[in-house]
Amino acid sequence: GAVVSQHPSWVICKSGTSVKIECRSLDFQATTMFWYRQFPKQSLMLMATSNEGSKATYEQGVEKDKFLINHASLTLSTLTVTSAHPEDSSFYICSPGAGDYYNEQFFGPGTRLTVL
Amino acid sequence: DAKTTQPTSMDCAEGRAANLPCNHSTISGNEYVYWYRQIHSQGPQYIIHGLKNNETNEMASLIITEDRKSSTLILPHATLRDTAVYYCIVGSGGSNYKLTFGKGTLLTVNP
């Protein structure tokens, strides 16, 4: 299957700072990128969908100005949490889509964000 | 998209078969049944999917009822490493498809 990496795997930051999370698809070109977040003891919730070279589409209730997504290449997407607050503490997971190449979806290992 | 219903939790003895049920009574004709699992603090992992025929791969078997309103994921010989939350998802599929995760079933494999 496809290999997806995320960096960093965990990060602790102070309230008010910004944090960038990178997601790389290592062995295929991702035309679409899904970003999920998962609060403790809850299921994954889709935050946004981006297509390479275009603006991301955000799910209802997700602030696009707070969660900046860049999908500038077919192998790299970034999620920046701007002015992070403790309620943004969560597990962030990316999932690149490879179109017709694969039928299933692959996920990154996740990034644990803790905002103090 | 069709919704799914799964038990909140299940237990299984190590080495025994784990049978995880899923109800999807509103599934439409072109929708697949997908199973993913998530081991604690990791990203989800694809297991198997099917349309109407039973499917088997190196990880599991998927049994879909004839009316397609329910399915069962079978792990033939569960190990401790199979302890995870298992998600049954119904949709049109493909790797660009927007997955909607429910609460899933927490399978605990006991020694």
# chains A, B, ... in the order shown; residues from 1 in each chain; ligands from 1
call {"tool": "closest_atom_pairs", "arguments": {"of": "chain A", "to": "chain B", "cutoff": "12 Å", "atoms": "only C-alpha atoms", "output": "Markdown table"}}
result
| residue | atom | partner | partner_atom | distance |
| --- | --- | --- | --- | --- |
| A:Gly1 | CA | B:Tyr46 | CA | 9.4 |
| A:Ala2 | CA | B:Tyr46 | CA | 10.9 |
| A:Val3 | CA | B:Gln45 | CA | 11.4 |
| A:Val4 | CA | B:Gly43 | CA | 9.9 |
| A:Ser5 | CA | B:Gly43 | CA | 10.3 |
| A:Gln6 | CA | B:Gly43 | CA | 10.2 |
| A:Ser9 | CA | B:Gln42 | CA | 10.1 |
| A:Trp10 | CA | B:Ser41 | CA | 10.8 |
| A:Gln29 | CA | B:Ser95 | CA | 11.9 |
| A:Ala30 | CA | B:Asn96 | CA | 9.2 |
| A:Thr31 | CA | B:Asn96 | CA | 8.2 |
| A:Thr32 | CA | B:Asn96 | CA | 6.4 |
| A:Met33 | CA | B:Asn96 | CA | 8.2 |
| A:Phe34 | CA | B:Lys98 | CA | 7.7 |
| A:Trp35 | CA | B:Lys98 | CA | 10.3 |
| A:Tyr36 | CA | B:Gly43 | CA | 10.0 |
| A:Arg37 | CA | B:Gly43 | CA | 10.5 |
| A:Gln38 | CA | B:Ser41 | CA | 9.9 |
| A:Phe39 | CA | B:Ser41 | CA | 11.0 |
| A:Pro40 | CA | B:Ser41 | CA | 9.8 |
| A:Lys41 | CA | B:Lys103 | CA | 9.4 |
| A:Gln42 | CA | B:Lys103 | CA | 7.1 |
| A:Ser43 | CA | B:Lys103 | CA | 5.5 |
| A:Leu44 | CA | B:Phe101 | CA | 6.0 |
| A:Met45 | CA | B:Phe101 | CA | 7.1 |
| A:Leu46 | CA | B:Thr100 | CA | 7.4 |
| A:Met47 | CA | B:Lys98 | CA | 10.8 |
| A:Ala48 | CA | B:Lys98 | CA | 9.8 |
| A:Thr49 | CA | B:Lys98 | CA | 8.3 |
| A:Ser50 | CA | B:Asn96 | CA | 10.5 |
| A:Asn51 | CA | B:Asn96 | CA | 9.9 |
| A:Thr57 | CA | B:Lys98 | CA | 11.8 |
| A:Glu59 | CA | B:Lys98 | CA | 11.1 |
| A:Ser90 | CA | B:Ser41 | CA | 10.9 |
| A:Phe91 | CA | B:Ser41 | CA | 8.0 |
| A:Tyr92 | CA | B:Gly43 | CA | 9.1 |
| A:Ile93 | CA | B:Gly43 | CA | 6.5 |
| A:Cys94 | CA | B:Gly43 | CA | 8.4 |
| A:Ser95 | CA | B:Gly43 | CA | 8.9 |
| A:Pro96 | CA | B:Asn96 | CA | 7.9 |
| A:Gly97 | CA | B:Asn96 | CA | 4.7 |
| A:Ala98 | CA | B:Ser95 | CA | 5.8 |
| A:Gly99 | CA | B:Asn96 | CA | 5.4 |
| A:Asp100 | CA | B:Gly94 | CA | 6.8 |
| A:Tyr101 | CA | B:Ser95 | CA | 7.8 |
| A:Tyr102 | CA | B:Ser95 | CA | 5.8 |
| A:Asn103 | CA | B:Gly94 | CA | 4.4 |
| A:Glu104 | CA | B:Ser95 | CA | 5.1 |
| A:Gln105 | CA | B:Ser95 | CA | 4.8 |
| A:Phe106 | CA | B:Gln45 | CA | 6.7 |
| A:Phe107 | CA | B:Gly43 | CA | 5.5 |
| A:Gly108 | CA | B:Gly43 | CA | 5.6 |
| A:Pro109 | CA | B:Gly43 | CA | 4.5 |
| A:Gly110 | CA | B:Gly43 | CA | 5.6 |
| A:Thr111 | CA | B:Gln42 | CA | 9.1 |
| A:Arg112 | CA | B:Ser41 | CA | 8.5 |
call {"tool": "select_by_dssp", "arguments": {"residues": "chain B", "states": "strand (DSSP E)", "output": "compact mmCIF listing (two decimals) with C-alpha atoms, in the first residue's frame"}}
result
# COMPACT_ATOMS: atom_id res chain seq x y z
CA SER B 9 -17.50 -2.74 21.98
CA MET B 10 -16.69 -6.43 21.70
CA ASP B 11 -14.28 -8.83 23.33
CA CYS B 12 -12.52 -11.75 21.76
CA ALA B 13 -10.08 -14.35 23.02
CA ALA B 18 -13.55 -12.14 15.84
CA ASN B 19 -16.84 -11.43 14.11
CA LEU B 20 -17.74 -7.76 13.92
CA PRO B 21 -21.26 -6.93 12.70
CA CYS B 22 -22.43 -3.83 10.89
CA ASN B 23 -25.92 -2.80 9.87
CA TYR B 32 -19.55 -0.30 -1.23
CA VAL B 33 -18.99 -1.50 2.31
CA TYR B 34 -15.56 -0.51 3.61
CA TRP B 35 -13.85 -1.56 6.82
CA TYR B 36 -11.03 0.38 8.42
CA ARG B 37 -9.46 0.06 11.83
CA GLN B 38 -7.58 2.41 14.10
CA GLN B 45 -5.77 1.42 8.32
CA TYR B 46 -7.73 -0.03 5.43
CA ILE B 47 -8.83 -3.63 5.93
CA ILE B 48 -11.19 -4.73 3.20
CA HIS B 49 -14.16 -3.67 1.10
CA GLY B 50 -16.90 -5.26 -0.97
CA GLU B 55 -14.38 -10.93 0.01
CA THR B 56 -11.23 -12.27 1.62
CA SER B 61 -12.99 -11.76 5.40
CA LEU B 62 -16.06 -9.72 4.64
CA ILE B 63 -19.46 -11.37 4.53
CA ILE B 64 -22.27 -9.28 3.04
CA SER B 70 -25.73 -5.89 6.89
CA SER B 71 -22.23 -7.28 6.85
CA THR B 72 -19.74 -9.02 9.11
CA LEU B 73 -16.02 -8.52 9.27
CA ILE B 74 -14.20 -11.68 10.30
CA LEU B 75 -10.69 -11.76 11.71
CA ALA B 84 -8.44 -1.50 17.82
CA VAL B 85 -11.52 0.48 16.88
CA TYR B 86 -13.10 -0.99 13.75
CA TYR B 87 -15.09 1.28 11.45
CA CYS B 88 -17.67 0.11 8.95
CA ILE B 89 -18.24 2.77 6.28
CA VAL B 90 -20.61 2.74 3.35
CA GLY B 91 -20.09 4.87 0.28
CA THR B 105 -16.55 -0.92 17.47
CA LEU B 106 -13.77 -1.19 20.02
CA LEU B 107 -12.51 -4.75 19.71
CA THR B 108 -10.46 -5.91 22.66
CA VAL B 109 -8.53 -9.13 22.16
CA ASN B 110 -7.79 -10.77 25.48
call {"tool": "residues_around", "arguments": {"residues": "B:Glu31", "least_positions_apart": "2", "cutoff": "6 Å", "atoms": "only C-alpha atoms", "output": "PyMOL selection string"}}
result
chain B and resi 28-29+91-92
call {"tool": "write_last_selection", "arguments": {"atoms": "N, CA and C atoms", "output": "short mmCIF file (atom, residue, chain, number, x, y, z; two decimals), in the first residue's frame"}}
result
data_model
loop_
_atom_site.label_atom_id
_atom_site.label_comp_id
_atom_site.auth_asym_id
_atom_site.auth_seq_id
_atom_site.Cartn_x
_atom_site.Cartn_y
_atom_site.Cartn_z
N SER B 28 -27.36 1.94 -0.78
CA SER B 28 -27.89 1.98 -2.14
C SER B 28 -27.08 1.06 -3.05
N GLY B 29 -27.61 0.84 -4.25
CA GLY B 29 -27.06 -0.20 -5.11
C GLY B 29 -25.61 -0.03 -5.51
N GLY B 91 -20.18 3.75 1.20
CA GLY B 91 -20.09 4.87 0.28
C GLY B 91 -19.69 4.44 -1.10
N SER B 92 -19.60 5.41 -1.98
CA SER B 92 -19.31 5.10 -3.38
C SER B 92 -17.86 4.72 -3.60
#
call {"tool": "atom_distance", "arguments": {"atom1": "atom CA of A:Ile69", "atom2": "atom CA of B:Ile39"}}
result
26.2 Å
call {"tool": "atom_distance", "arguments": {"atom1": "atom CA of A:Ser89", "atom2": "atom CA of A:Cys23"}}
result
18.1 Å
call {"tool": "atom_distance", "arguments": {"atom1": "atom CA of B:Arg16", "atom2": "atom CA of B:Pro76"}}
result
6.8 Å
call {"tool": "decode", "arguments": {"residues": "chain B", "atoms": "C-alpha atoms", "output": "mmCIF file, in the first residue's frame"}}
result
data_model
loop_
_atom_site.group_PDB
_atom_site.id
_atom_site.type_symbol
_atom_site.label_atom_id
_atom_site.label_comp_id
_atom_site.auth_asym_id
_atom_site.auth_seq_id
_atom_site.Cartn_x
_atom_site.Cartn_y
_atom_site.Cartn_z
ATOM 1 C CA ASP B 1 -24.530 8.348 2.181
ATOM 2 C CA ALA B 2 -25.956 5.374 4.001
ATOM 3 C CA LYS B 3 -25.451 5.299 7.760
ATOM 4 C CA THR B 4 -24.064 2.346 9.644
ATOM 5 C CA THR B 5 -24.741 0.875 13.066
ATOM 6 C CA GLN B 6 -22.100 -1.043 14.979
ATOM 7 C CA PRO B 7 -21.860 -2.340 18.538
ATOM 8 C CA THR B 8 -19.874 -0.051 20.788
ATOM 9 C CA SER B 9 -17.504 -2.739 21.977
ATOM 10 C CA MET B 10 -16.693 -6.429 21.702
ATOM 11 C CA ASP B 11 -14.280 -8.829 23.326
ATOM 12 C CA CYS B 12 -12.520 -11.752 21.760
ATOM 13 C CA ALA B 13 -10.080 -14.347 23.022
ATOM 14 C CA GLU B 14 -6.673 -14.465 21.404
ATOM 15 C CA GLY B 15 -6.516 -17.068 18.666
ATOM 16 C CA ARG B 16 -10.256 -17.171 18.192
ATOM 17 C CA ALA B 17 -12.223 -15.654 15.340
ATOM 18 C CA ALA B 18 -13.546 -12.140 15.842
ATOM 19 C CA ASN B 19 -16.841 -11.427 14.112
ATOM 20 C CA LEU B 20 -17.740 -7.762 13.915
ATOM 21 C CA PRO B 21 -21.259 -6.933 12.698
ATOM 22 C CA CYS B 22 -22.434 -3.831 10.887
ATOM 23 C CA ASN B 23 -25.924 -2.799 9.871
ATOM 24 C CA HIS B 24 -26.380 -0.596 6.811
ATOM 25 C CA SER B 25 -30.047 -0.987 5.944
ATOM 26 C CA THR B 26 -30.190 2.168 3.778
ATOM 27 C CA ILE B 27 -27.308 1.195 1.516
ATOM 28 C CA SER B 28 -27.895 1.976 -2.135
ATOM 29 C CA GLY B 29 -27.061 -0.196 -5.110
ATOM 30 C CA ASN B 30 -23.780 1.428 -6.056
ATOM 31 C CA GLU B 31 -22.380 1.798 -2.553
ATOM 32 C CA TYR B 32 -19.554 -0.297 -1.231
ATOM 33 C CA VAL B 33 -18.993 -1.498 2.315
ATOM 34 C CA TYR B 34 -15.561 -0.513 3.611
ATOM 35 C CA TRP B 35 -13.845 -1.560 6.817
ATOM 36 C CA TYR B 36 -11.035 0.381 8.422
ATOM 37 C CA ARG B 37 -9.462 0.061 11.827
ATOM 38 C CA GLN B 38 -7.581 2.408 14.099
ATOM 39 C CA ILE B 39 -5.107 1.200 16.637
ATOM 40 C CA HIS B 40 -4.717 3.581 19.547
ATOM 41 C CA SER B 41 -2.904 6.820 18.642
ATOM 42 C CA GLN B 42 -2.332 5.778 15.034
ATOM 43 C CA GLY B 43 -3.919 6.703 11.733
ATOM 44 C CA PRO B 44 -6.677 4.444 10.389
ATOM 45 C CA GLN B 45 -5.766 1.418 8.317
ATOM 46 C CA TYR B 46 -7.728 -0.032 5.427
ATOM 47 C CA ILE B 47 -8.832 -3.630 5.933
ATOM 48 C CA ILE B 48 -11.189 -4.731 3.202
ATOM 49 C CA HIS B 49 -14.156 -3.671 1.096
ATOM 50 C CA GLY B 50 -16.900 -5.261 -0.969
ATOM 51 C CA LEU B 51 -19.967 -4.533 -3.043
ATOM 52 C CA LYS B 52 -22.142 -7.621 -2.808
ATOM 53 C CA ASN B 53 -19.902 -10.668 -2.964
ATOM 54 C CA ASN B 54 -18.005 -11.977 0.004
ATOM 55 C CA GLU B 55 -14.383 -10.931 0.012
ATOM 56 C CA THR B 56 -11.230 -12.272 1.619
ATOM 57 C CA ASN B 57 -7.716 -10.932 1.853
ATOM 58 C CA GLU B 58 -4.692 -11.549 4.013
ATOM 59 C CA MET B 59 -6.174 -9.564 6.877
ATOM 60 C CA ALA B 60 -9.824 -10.506 7.037
ATOM 61 C CA SER B 61 -12.991 -11.761 5.397
ATOM 62 C CA LEU B 62 -16.062 -9.722 4.641
ATOM 63 C CA ILE B 63 -19.457 -11.367 4.534
ATOM 64 C CA ILE B 64 -22.267 -9.282 3.041
ATOM 65 C CA THR B 65 -25.851 -10.478 3.322
ATOM 66 C CA GLU B 66 -27.789 -11.078 0.149
ATOM 67 C CA ASP B 67 -29.998 -8.032 0.718
ATOM 68 C CA ARG B 68 -26.821 -6.020 1.484
ATOM 69 C CA LYS B 69 -28.393 -4.540 4.587
ATOM 70 C CA SER B 70 -25.730 -5.886 6.889
ATOM 71 C CA SER B 71 -22.233 -7.282 6.853
ATOM 72 C CA THR B 72 -19.743 -9.016 9.113
ATOM 73 C CA LEU B 73 -16.019 -8.525 9.274
ATOM 74 C CA ILE B 74 -14.200 -11.677 10.304
ATOM 75 C CA LEU B 75 -10.694 -11.760 11.715
ATOM 76 C CA PRO B 76 -10.037 -15.508 11.585
ATOM 77 C CA HIS B 77 -7.390 -15.753 14.307
ATOM 78 C CA ALA B 78 -7.380 -12.620 16.418
ATOM 79 C CA THR B 79 -4.131 -11.538 18.051
ATOM 80 C CA LEU B 80 -3.472 -8.947 20.729
ATOM 81 C CA ARG B 81 -2.316 -6.583 17.991
ATOM 82 C CA ASP B 82 -5.814 -6.635 16.517
ATOM 83 C CA THR B 83 -7.122 -4.648 19.483
ATOM 84 C CA ALA B 84 -8.440 -1.498 17.820
ATOM 85 C CA VAL B 85 -11.522 0.481 16.882
ATOM 86 C CA TYR B 86 -13.096 -0.989 13.751
ATOM 87 C CA TYR B 87 -15.091 1.281 11.455
ATOM 88 C CA CYS B 88 -17.674 0.107 8.954
ATOM 89 C CA ILE B 89 -18.243 2.766 6.285
ATOM 90 C CA VAL B 90 -20.613 2.744 3.354
ATOM 91 C CA GLY B 91 -20.086 4.874 0.283
ATOM 92 C CA SER B 92 -19.311 5.099 -3.384
ATOM 93 C CA GLY B 93 -15.672 4.490 -2.653
ATOM 94 C CA GLY B 94 -12.407 5.249 -4.366
ATOM 95 C CA SER B 95 -9.387 6.875 -2.848
ATOM 96 C CA ASN B 96 -10.777 10.366 -3.437
ATOM 97 C CA TYR B 97 -13.996 9.569 -1.636
ATOM 98 C CA LYS B 98 -14.823 11.542 1.514
ATOM 99 C CA LEU B 99 -15.046 8.992 4.325
ATOM 100 C CA THR B 100 -17.475 9.611 7.167
ATOM 101 C CA PHE B 101 -16.389 7.822 10.309
ATOM 102 C CA GLY B 102 -18.952 6.721 12.868
ATOM 103 C CA LYS B 103 -18.115 5.650 16.388
ATOM 104 C CA GLY B 104 -16.987 2.182 15.348
ATOM 105 C CA THR B 105 -16.548 -0.925 17.474
ATOM 106 C CA LEU B 106 -13.767 -1.189 20.017
ATOM 107 C CA LEU B 107 -12.511 -4.748 19.714
ATOM 108 C CA THR B 108 -10.456 -5.911 22.664
ATOM 109 C CA VAL B 109 -8.528 -9.125 22.160
ATOM 110 C CA ASN B 110 -7.792 -10.772 25.481
ATOM 111 C CA PRO B 111 -4.919 -13.185 26.179
#
